[in-house]
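Enquirer: After the structure tokens below, expect a handful of questions from me.
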Amino acid sequence: GQNIDQPTEMTATEGAIVQINCTYQTSGFNGLFWYQQHAGEAPTFLSYNVLDGLEEKGRFSSFLSRSKGYSYLLLKELQMKDSASYLCAVRDLAAAGNKLTFGGGTRVLVKP
Amino acid sequence: NAGVTQTPKFRILKIGQSMTLQCTQDMNHNYMYWYRQDPGMGLKLIYYSVGAGITDKGEVPNGYNVSRSTTEDFPLRLELAAPSQTSVYFCASILSGASYEQYFGPGTRLTVT
């Protein structure tokens, strides 16, 4: 099975930087995903990491260390619209159907 | 493209009633999924399908059934609704096993009382 841990909630100030950590345990790692979910809405895809290192996409970056079972999502120059839940998900090599296992999500509150 | 659509948006069921949640995608995606999300929690996989005529159980399949007669449609059936099935249900699709971005529908908010 898989175990994914991420903090429940984080608060940050507009314009600042926030780092959301995700640790996972899986028997056969085949990719880590980050999704953003605004309250009352569906998740939307943010990033995908399968190799170690940092992937940058505008104000958002995602980092992966496979040996440590660790990823983080970095949100820079925070805006009020970044207030949302951020879901970490892992794909297992042995999982048929391209299935993802999701963590519980981290709710980020951006304050003025 | 409409993407992934779900109906209804909201529904209240009495204990023991049955209903079908509809999901349709117009992207010609092969893989489709049903998730449930309880308040403040992540997504739990109920059932998935890798193509028309092929379905399989996910993490929490008890109390649900699915069918996939066409590529576009993937309905989720609740038989004998229970309060524990109160949740938000999301349908998602992805082109193939090599793809990585799942596209989600807007969700169905279900309350069982």
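Note on naming: chains are A, B, ... as they come in the structure tokens, residues start from 1 per chain, ligands start from 1 in the order shown.
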Kindly provide the residues of chain A that approach chain B to within 7 Å, each paired with its closest atom pair and their distance in Å to one decimal, based on only C-alpha atoms, listed by chain and increasing number, as a Markdown table.
Expert:
```
| residue | atom | partner | partner_atom | distance |
| --- | --- | --- | --- | --- |
| A:Glu41 | CA | B:Pro106 | CA | 6.3 |
| A:Ala42 | CA | B:Pro106 | CA | 5.2 |
| A:Pro43 | CA | B:Phe104 | CA | 6.5 |
| A:Phe45 | CA | B:Glu101 | CA | 6.2 |
| A:Gly97 | CA | B:Val50 | CA | 5.9 |
| A:Asn98 | CA | B:Gly97 | CA | 5.2 |
| A:Phe102 | CA | B:Leu43 | CA | 5.8 |
| A:Gly103 | CA | B:Gly42 | CA | 5.6 |
| A:Gly104 | CA | B:Gly42 | CA | 3.9 |
| A:Gly105 | CA | B:Gly42 | CA | 5.6 |
```
Enquirer: Write down as a PyMOL selection string the residues belonging to chain B that are assigned strand (DSSP E or B) by DSSP computed on the backbone.
Expert: chain B and resi 4-7+10-13+19-25+31-37+43-51+54-57+64-66+73+76-78+87-94+103-104+108-112
Enquirer: By how many Å are atom CA of Arg68 of chain B and atom CA of Thr7 of chain B apart?
Expert: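 Separating atom CA of Arg68 of chain B from atom CA of Thr7 of chain B is a distance of 16.3 Å.
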Enquirer: Step one, run DSSP on the backbone; step two, keep only residues of chain A assigned to helix (DSSP H, G or I); then write them as a list in words.
Expert: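 Matching residues, listed in order: Met80, Lys81, Asp82, Ala96, Gly97 and Asn98 of chain A.
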Enquirer: Show me, as a ChimeraX atom specification, the residues that have an atom within 8 Å of Phe33 of chain A when counting only C-alpha atoms, minus same-chain residues fewer than 3 positions from it.
Expert: /A:45-49,88-90
Enquirer: Report, in Å with one decimal, the straight-line distance from atom CA of Lys57 of chain B to atom CA of Leu80 of chain B.
Expert: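 Separation between atom CA of Lys57 of chain B and atom CA of Leu80 of chain B: 18.6 Å.
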Enquirer: Can you tell me, as a list in words, what residues are no more than 7 Å from segment 52-55 of chain A when counting only C-alpha atoms, ignoring any on the same chain fewer than 6 positions away?
Expert: Ser61, Ser62, Phe63, Leu64, Ser65 and Arg66 of chain A
Enquirer: Deliver the residues from the most recent selection as a file, using C-alpha atoms, as an mmCIF file, in the first residue's frame.
Expert:
```cif
data_model
loop_
_atom_site.group_PDB
_atom_site.id
_atom_site.type_symbol
_atom_site.label_atom_id
_atom_site.label_comp_id
_atom_site.auth_asym_id
_atom_site.auth_seq_id
_atom_site.Cartn_x
_atom_site.Cartn_y
_atom_site.Cartn_z
ATOM 1 C CA SER A 61 7.750 24.902 -8.418
ATOM 2 C CA SER A 62 7.746 21.254 -7.404
ATOM 3 C CA PHE A 63 10.694 19.293 -6.063
ATOM 4 C CA LEU A 64 11.216 15.546 -5.776
ATOM 5 C CA SER A 65 13.707 13.353 -3.937
ATOM 6 C CA ARG A 66 12.943 9.707 -4.651
#
```
Enquirer: Quick one: residues within 6 Å of Ala84 of chain A, only C-alpha atoms, excluding same-chain residues fewer than 5 positions away - as a list of chain:residue names?
Expert: A:Gln37, A:His38, A:Arg107, A:Val108
Enquirer: Based on the selection just made, write all heavy atoms of those residues as a PDB file, in the first residue's frame.
Expert:
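So out.pdb came out as:
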```pdb
ATOM      1  N   GLN A  37      -6.975  22.659  -5.470  1.00  0.00           N
ATOM      2  CA  GLN A  37      -8.433  22.562  -5.374  1.00  0.00           C
ATOM      3  C   GLN A  37      -8.985  23.743  -4.588  1.00  0.00           C
ATOM      4  O   GLN A  37      -8.798  23.818  -3.368  1.00  0.00           O
ATOM      5  CB  GLN A  37      -8.851  21.237  -4.719  1.00  0.00           C
ATOM      6  CG  GLN A  37     -10.356  21.027  -4.714  1.00  0.00           C
ATOM      7  CD  GLN A  37     -10.759  19.699  -4.094  1.00  0.00           C
ATOM      8  OE1 GLN A  37     -10.047  19.131  -3.279  1.00  0.00           O
ATOM      9  NE2 GLN A  37     -11.908  19.182  -4.504  1.00  0.00           N
ATOM     10  N   HIS A  38      -9.673  24.640  -5.270  1.00  0.00           N
ATOM     11  CA  HIS A  38     -10.361  25.724  -4.572  1.00  0.00           C
ATOM     12  C   HIS A  38     -11.628  25.181  -3.932  1.00  0.00           C
ATOM     13  O   HIS A  38     -12.204  24.185  -4.397  1.00  0.00           O
ATOM     14  CB  HIS A  38     -10.698  26.862  -5.540  1.00  0.00           C
ATOM     15  CG  HIS A  38      -9.517  27.684  -5.924  1.00  0.00           C
ATOM     16  ND1 HIS A  38      -8.865  27.544  -7.125  1.00  0.00           N
ATOM     17  CD2 HIS A  38      -8.851  28.657  -5.250  1.00  0.00           C
ATOM     18  CE1 HIS A  38      -7.846  28.401  -7.176  1.00  0.00           C
ATOM     19  NE2 HIS A  38      -7.822  29.084  -6.058  1.00  0.00           N
ATOM     20  N   ARG A 107      -4.500  22.751   3.276  1.00  0.00           N
ATOM     21  CA  ARG A 107      -5.263  23.959   3.014  1.00  0.00           C
ATOM     22  C   ARG A 107      -4.369  25.165   3.282  1.00  0.00           C
ATOM     23  O   ARG A 107      -3.839  25.315   4.392  1.00  0.00           O
ATOM     24  CB  ARG A 107      -6.490  24.005   3.905  1.00  0.00           C
ATOM     25  CG  ARG A 107      -7.454  25.130   3.533  1.00  0.00           C
ATOM     26  CD  ARG A 107      -8.811  24.918   4.165  1.00  0.00           C
ATOM     27  NE  ARG A 107      -8.734  24.914   5.615  1.00  0.00           N
ATOM     28  CZ  ARG A 107      -9.769  24.672   6.409  1.00  0.00           C
ATOM     29  NH1 ARG A 107     -10.939  24.401   5.906  1.00  0.00           N
ATOM     30  NH2 ARG A 107      -9.618  24.685   7.712  1.00  0.00           N
ATOM     31  N   VAL A 108      -4.190  25.989   2.273  1.00  0.00           N
ATOM     32  CA  VAL A 108      -3.353  27.183   2.384  1.00  0.00           C
ATOM     33  C   VAL A 108      -4.255  28.404   2.430  1.00  0.00           C
ATOM     34  O   VAL A 108      -5.100  28.596   1.545  1.00  0.00           O
ATOM     35  CB  VAL A 108      -2.364  27.287   1.208  1.00  0.00           C
ATOM     36  CG1 VAL A 108      -1.654  28.641   1.221  1.00  0.00           C
ATOM     37  CG2 VAL A 108      -1.359  26.141   1.261  1.00  0.00           C
TER      38      VAL A 108
END
```
Enquirer: Could you give me, as a PyMOL selection string, the residues within 8 Å of Gln22 of chain B, counting only C-alpha atoms and dropping anything in the same chain fewer than 3 positions from it?
Expert: chain B and resi 6-8+73-76
Enquirer: How many Å lie between atom CA of Thr5 of chain B and atom CA of Ala95 of chain A, rounded to one decimal?
Expert: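 Atom CA of Thr5 of chain B sits 26.0 Å away from atom CA of Ala95 of chain A.
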